[in-house]
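S.K.: I have a structure I would like to understand better, so I am pasting it below and will then ask my questions one at a time.
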Amino acid sequence: MAVSRHPDIAGLGPALGAAVRGVCERVLAAGGRAWLVGGTVRDCALGLAPGDADLEVFGLEPDRLRAVLEADFALDLVGRSFGILKLKDWPLDVGVPRRESKIGLGHRGFEIHADPHLPLPVAAARRDFTINAVYLDPLTGEVADPWRGLDDLEARRLRHTSDAFAEDPLRVLRGMQLVSRYELTPDPATLMACRRMTSEGLARERIFGEWEKLLTLGGRPSLGLDFLQETGWISHYPELAALRGCPQDPRWHPEGDVWTHTRHSLDVFAGELTGDRGEDLVVGLAVLCHDLGKPGTTRLTDGHFRAYGHEGLGGELTRNFLGRMTESSVLIGQVVALVHEHMRPSSLHQAGASDAAVRRLAVRAGRIDRLVRVARADALGRPPLPADAYPAGDWLLAAARRLEVETGPPAPVVLGRHLIALGLEPGPEFGELLDRCYEAQLAGRFTSEAEGIAFAARLTGRRSG
């Protein structure tokens, strides 16, 4: 991917580009100067389309900047304490340079002073990596690059800017996802700086945000895992650290240990993203976690390494791993279900399983289309074995589509109102009766409402209709 030494804002698109120019023109008329900075400029230099934009304004005090923008734009003041104004109708943040002093733990442990008269090179030194410290004037096209970020971008090198880098430990995880997305090689001095940092005080939602980017924005996630290992931050994720050196039977896993397999599987997954970040996140987390149970279950038996039951233990370890990063019980449950069932597509295919087995799998896994993506990444993440086909997945998807359970389990045909209509009084036995009816439905004993009611009537000894 070529790097432009003269990036422009064409990648922002006409609408966002016009909004950016509008802000810059108003700032200029008020006596200030606005520069695009950060990931916006980085992606423009790579010919990519940034999803949002960040402007840094020099020469205007924060209150004056707010007054200038409020005249023409609706503002969200949620970031005002950090010197950031957000335009409500656009993915556009506008701020002023700031001085920061570390006074406590975590990302909130800073004393922040807005300083619109800060020299640009000094302001750039506050940024994390050189590739994010390139400035672009949208009105003139001038580029300011005091930390040679374009050189590093062209060399595919990740390098931190200054000693201020160490003040926010989240930057280690930002490095993790950046080396993956842009296939960068970390500078040795940057690795050393990261090794000296700890995860003190980091809010789990901020941590999770960087993992989400690693898994949903493309590139090679394996490089992100390598970065965690090289910086020593893998120690903060003991479930992942345990994968290193965990042996596998070379007949089925010629690529090496479970860590190596997980890296390859993630890269397969990243090469097949759908663009739906919510869906990709669920599947990506399941791929990341699918073999967490192997270190605790791997045994040498008859000269071969086997990990019987690793999917069950892996589900519990996944719950613990994700529970430290997110409060979303729904997301955790979705991922755990996929980890529990990731072996089933191949085993059902080999057994020529029945329609009933496919329906039951849909109930346990939640979504068979997601499960096939996980199983496919698992199956193809084993170089030098072939990585161009996964017949078990094709078979299962075809069966699931035919049975209309590809994106969710079948809805129950027999409901509580049907039992009431048969003359049963609501009570504790309702749940058991409905479960027996649903199991019969999954087994294919009925498909229509009339058939289901008739089955329930026979089950309860009541007359239907």
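Scheme for the structure tokens: letters A, B, ... for chains in order shown; per-chain residue numbers from 1; ligand numbers from 1 in order shown.
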Show me, as a list in words, the residues that have an atom within 12 Å of Asp152 of chain A when counting only C-alpha atoms, minus same-chain residues fewer than 3 positions from it.

M.R.: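 Close residues of Asp152 of chain A: Val3, Arg5, Arg42, Ala45, Phe129, Thr130, Ile131, Asn132, Ala133, Val134, Asp145, Trp147, Arg148, Gly149, Ala155, Arg156, Arg157, Leu158, Arg159, His160, Thr161, Tyr182, Leu184, Thr185, Pro186 and Asp187 of chain A.
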
S.K.: As a list in words, please: every residue in segment 142-348 of chain A that a backbone DSSP assignment puts in strand (DSSP E or B).

M.R.: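 Listing strand (DSSP E or B) positions across segment 142-348 of chain A yields Val143, Ala144, Arg157, Leu158, His160, Thr185, Pro186, Arg299, Leu300, Thr301, His304, Phe305 and Arg306 of chain A.
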
S.K.: Find the spatial neighbours of Val405 of chain A, counting only C-alpha atoms, within a cut-off of 8 Å - ignore same-chain residues fewer than 3 positions away - and output them as a list of chain:residue names.

M.R.: A:Arg359, A:Ala362, A:Arg367, A:Ile368, A:Ala400, A:Arg401, A:Arg402, A:Gly408, A:Pro409, A:Pro410

S.K.: Out of A:Leu60, A:Phe73, A:Glu25, A:Asp93, which residue has the shortest atom-to-atom distance to Gly38 of chain A when counting only C-alpha atoms?

M.R.: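 Looking only at the distances to Gly38 of chain A, the closest residue turns out to be A:Asp93.
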
S.K.: Pick out the closest residue to Asp137 of chain A from this set: A:Val27, A:Leu322, A:Val179, A:Leu48. Count only C-alpha atoms.

M.R.: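 Looking only at the distances to Asp137 of chain A, the closest residue turns out to be A:Val27.
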
S.K.: Out of A:Leu338, A:Ala124, A:Ala241, A:Ala270, which residue has the shortest atom-to-atom distance to Ser180 of chain A when counting only C-alpha atoms?

M.R.: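 Closest residue, counting only C-alpha atoms: A:Ala270.
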
S.K.: Write out as a PyMOL selection string the set of residues from segment 300-362 of chain A that DSSP, computed on the backbone, places in alpha helix (DSSP H).

M.R.: chain A and resi 310-323+329-341+344-351+355-362

S.K.: From the options A:Leu228, A:Cys24, A:Ala307, A:Leu217, which residue's atoms come nearest to Arg171 of chain A, counting only C-alpha atoms?

M.R.: A:Leu228

S.K.: Please provide the set of residues having any atom within 10 Å of Gly461 of chain A, restricted to only C-alpha atoms, with same-chain residues fewer than 5 positions apart removed, written as a PyMOL selection string.

M.R.: chain A and resi 422+455-456

S.K.: Output N, CA and C atoms of each residue in that selection to a file, as an mmCIF file, in the first residue's frame.

M.R.:
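Result file is out09.cif:
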```
data_model
loop_
_atom_site.group_PDB
_atom_site.id
_atom_site.type_symbol
_atom_site.label_atom_id
_atom_site.label_comp_id
_atom_site.auth_asym_id
_atom_site.auth_seq_id
_atom_site.Cartn_x
_atom_site.Cartn_y
_atom_site.Cartn_z
ATOM 1 N N LEU A 422 -56.042 -26.257 25.762
ATOM 2 C CA LEU A 422 -56.342 -27.674 25.980
ATOM 3 C C LEU A 422 -56.940 -27.928 27.362
ATOM 4 N N PHE A 455 -49.992 -33.156 19.120
ATOM 5 C CA PHE A 455 -48.969 -33.856 19.908
ATOM 6 C C PHE A 455 -49.115 -33.508 21.384
ATOM 7 N N ALA A 456 -49.306 -32.226 21.690
ATOM 8 C CA ALA A 456 -49.458 -31.811 23.085
ATOM 9 C C ALA A 456 -50.685 -32.452 23.707
#
```

S.K.: Give the answer as one residue: which of A:Val335, A:Leu46, A:Ala10, A:Val268 has the shortest atom-to-atom distance to Ala365 of chain A, using only C-alpha atoms?

M.R.: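 Comparing A:Val335, A:Leu46, A:Ala10, A:Val268 against Ala365 of chain A, the winner is A:Val335.
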
S.K.: Please measure the separation of atom CA of Ala30 of chain A and atom CA of Ala49 of chain A, giving the value in Å to one decimal.

M.R.: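 About the pair atom CA of Ala30 of chain A and atom CA of Ala49 of chain A: they are 29.5 Å apart.
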
S.K.: With a cut-off of 12 Å, could you pull out the residues of segment 220-271 of chain A touching segment 206-212 of chain A and give me the nearest pair of atoms for each, distance in Å to one decimal, using only C-alpha atoms, ordered by chain and ascending number, as a tab-separated table?

M.R.:
```
residue	atom	partner	partner_atom	distance
A:Pro221	CA	A:Trp211	CA	9.9
A:Gly224	CA	A:Trp211	CA	9.5
A:Leu225	CA	A:Trp211	CA	10.5
A:Leu228	CA	A:Trp211	CA	11.6
A:His236	CA	A:Ile207	CA	11.4
A:Tyr237	CA	A:Ile207	CA	11.8
```

S.K.: Print the selection's residues with N, CA and C atoms to a file, as a tab-separated table (two decimals), in the first residue's frame.

M.R.:
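Okay, out28.tsv is ready:
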```tsv
chain	number	residue	atom	x	y	z
A	221	PRO	N	-4.31	-10.20	12.68
A	221	PRO	CA	-4.36	-10.22	14.14
A	221	PRO	C	-3.19	-10.97	14.77
A	224	GLY	N	-0.74	-8.70	16.13
A	224	GLY	CA	-1.14	-8.10	17.39
A	224	GLY	C	-0.82	-9.01	18.57
A	225	LEU	N	-1.07	-10.31	18.41
A	225	LEU	CA	-0.73	-11.25	19.47
A	225	LEU	C	0.78	-11.30	19.67
A	228	LEU	N	1.77	-8.43	21.79
A	228	LEU	CA	1.52	-8.69	23.21
A	228	LEU	C	2.63	-9.53	23.82
A	236	HIS	N	-0.89	-10.30	31.15
A	236	HIS	CA	-2.18	-9.79	31.64
A	236	HIS	C	-3.35	-10.66	31.16
A	237	TYR	N	-3.06	-11.60	30.27
A	237	TYR	CA	-4.09	-12.47	29.69
A	237	TYR	C	-3.63	-13.92	29.85
```

S.K.: Give me, please, the distance in Å between atom CA of Phe321 of chain A and atom CA of Gly271 of chain A, quoted to one decimal.

M.R.: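 Atom CA of Gly271 of chain A lies at a distance of 24.5 Å from atom CA of Phe321 of chain A.
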
S.K.: Excluding Leu273 of chain A and any residue of its chain fewer than 5 positions from it, enumerate the residues within 9 Å of it, using only C-alpha atoms, and give them as a list of chain:residue names.

M.R.: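 Near neighbours after the sequence-gap exclusion: A:Thr216, A:Leu217, A:Gly218, A:Asp280.
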
S.K.: For those residues, write C-alpha atoms to a file as an mmCIF file, in the first residue's frame.

M.R.:
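Below is the file that was written, again26.cif:
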```
data_model
loop_
_atom_site.group_PDB
_atom_site.id
_atom_site.type_symbol
_atom_site.label_atom_id
_atom_site.label_comp_id
_atom_site.auth_asym_id
_atom_site.auth_seq_id
_atom_site.Cartn_x
_atom_site.Cartn_y
_atom_site.Cartn_z
ATOM 1 C CA THR A 216 -12.937 -6.200 13.345
ATOM 2 C CA LEU A 217 -10.769 -3.844 11.295
ATOM 3 C CA GLY A 218 -8.807 -6.319 9.208
ATOM 4 C CA ASP A 280 -17.373 -9.943 13.208
#
```

S.K.: Set the distance at 10 Å and use only C-alpha atoms: which residues neighbour segment 355-357 of chain A once local chain neighbours fewer than 4 positions away are removed? I'd like the list as a VMD selection string.

M.R.: chain A and resid 348 361 to 363 399 to 400 402 to 403 439 to 445

S.K.: Next, the residues of the selection above should be written as a PDB file, in the first residue's frame with N, CA and C atoms.

M.R.:
```pdb
ATOM      1  N   LEU A 348     -20.513 -33.608  13.011  1.00  0.00           N
ATOM      2  CA  LEU A 348     -21.818 -33.892  12.407  1.00  0.00           C
ATOM      3  C   LEU A 348     -21.675 -34.251  10.934  1.00  0.00           C
ATOM      4  N   LEU A 361     -28.323 -28.450  17.255  1.00  0.00           N
ATOM      5  CA  LEU A 361     -27.100 -27.640  17.235  1.00  0.00           C
ATOM      6  C   LEU A 361     -27.443 -26.159  17.138  1.00  0.00           C
ATOM      7  N   ALA A 362     -28.464 -25.845  16.349  1.00  0.00           N
ATOM      8  CA  ALA A 362     -28.878 -24.446  16.231  1.00  0.00           C
ATOM      9  C   ALA A 362     -29.335 -23.894  17.578  1.00  0.00           C
ATOM     10  N   VAL A 363     -29.968 -24.726  18.388  1.00  0.00           N
ATOM     11  CA  VAL A 363     -30.403 -24.287  19.719  1.00  0.00           C
ATOM     12  C   VAL A 363     -29.193 -24.017  20.608  1.00  0.00           C
ATOM     13  N   ALA A 399     -27.610 -27.488   5.018  1.00  0.00           N
ATOM     14  CA  ALA A 399     -28.646 -28.130   5.819  1.00  0.00           C
ATOM     15  C   ALA A 399     -29.397 -27.106   6.663  1.00  0.00           C
ATOM     16  N   ALA A 400     -28.663 -26.164   7.250  1.00  0.00           N
ATOM     17  CA  ALA A 400     -29.297 -25.153   8.103  1.00  0.00           C
ATOM     18  C   ALA A 400     -30.229 -24.251   7.301  1.00  0.00           C
ATOM     19  N   ARG A 402     -31.800 -25.110   4.528  1.00  0.00           N
ATOM     20  CA  ARG A 402     -32.960 -25.914   4.160  1.00  0.00           C
ATOM     21  C   ARG A 402     -33.941 -26.019   5.324  1.00  0.00           C
ATOM     22  N   LEU A 403     -33.398 -26.104   6.527  1.00  0.00           N
ATOM     23  CA  LEU A 403     -34.238 -26.245   7.720  1.00  0.00           C
ATOM     24  C   LEU A 403     -34.607 -24.892   8.321  1.00  0.00           C
ATOM     25  N   GLU A 439     -38.694 -30.431  22.169  1.00  0.00           N
ATOM     26  CA  GLU A 439     -37.772 -31.494  21.795  1.00  0.00           C
ATOM     27  C   GLU A 439     -38.377 -32.357  20.686  1.00  0.00           C
ATOM     28  N   ALA A 440     -39.678 -32.629  20.754  1.00  0.00           N
ATOM     29  CA  ALA A 440     -40.346 -33.392  19.697  1.00  0.00           C
ATOM     30  C   ALA A 440     -40.324 -32.614  18.388  1.00  0.00           C
ATOM     31  N   GLN A 441     -40.509 -31.312  18.468  1.00  0.00           N
ATOM     32  CA  GLN A 441     -40.428 -30.473  17.264  1.00  0.00           C
ATOM     33  C   GLN A 441     -39.040 -30.554  16.637  1.00  0.00           C
ATOM     34  N   LEU A 442     -37.974 -30.447  17.473  1.00  0.00           N
ATOM     35  CA  LEU A 442     -36.605 -30.544  16.954  1.00  0.00           C
ATOM     36  C   LEU A 442     -36.353 -31.904  16.317  1.00  0.00           C
ATOM     37  N   ALA A 443     -36.965 -32.931  16.895  1.00  0.00           N
ATOM     38  CA  ALA A 443     -36.785 -34.288  16.355  1.00  0.00           C
ATOM     39  C   ALA A 443     -37.556 -34.499  15.060  1.00  0.00           C
ATOM     40  N   GLY A 444     -38.402 -33.533  14.681  1.00  0.00           N
ATOM     41  CA  GLY A 444     -39.146 -33.637  13.424  1.00  0.00           C
ATOM     42  C   GLY A 444     -40.464 -34.348  13.539  1.00  0.00           C
ATOM     43  N   ARG A 445     -40.971 -34.509  14.757  1.00  0.00           N
ATOM     44  CA  ARG A 445     -42.218 -35.243  14.930  1.00  0.00           C
ATOM     45  C   ARG A 445     -43.426 -34.409  14.505  1.00  0.00           C
TER      46      ARG A 445
END
```

S.K.: Using only C-alpha atoms for the distances, tell me which of A:Ala166, A:Cys437, A:Leu371, A:Met176 is nearest to Cys194 of chain A.

M.R.: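 Among the listed residues, the smallest separation from Cys194 of chain A belongs to A:Ala166.
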
S.K.: For Asp115 of chain A, please output as a list in words all residues within 10 Å (counting only C-alpha atoms; exclusion window: fewer than 2 positions along the same chain).

M.R.: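 What passes the distance filter is Val57, Phe58, Gly59, Leu60, Glu61, Pro62, Gly83, Val96, Pro97, Arg98, Arg99, Ile112, His113, His117, Leu118, Pro119 and Ala123 of chain A.
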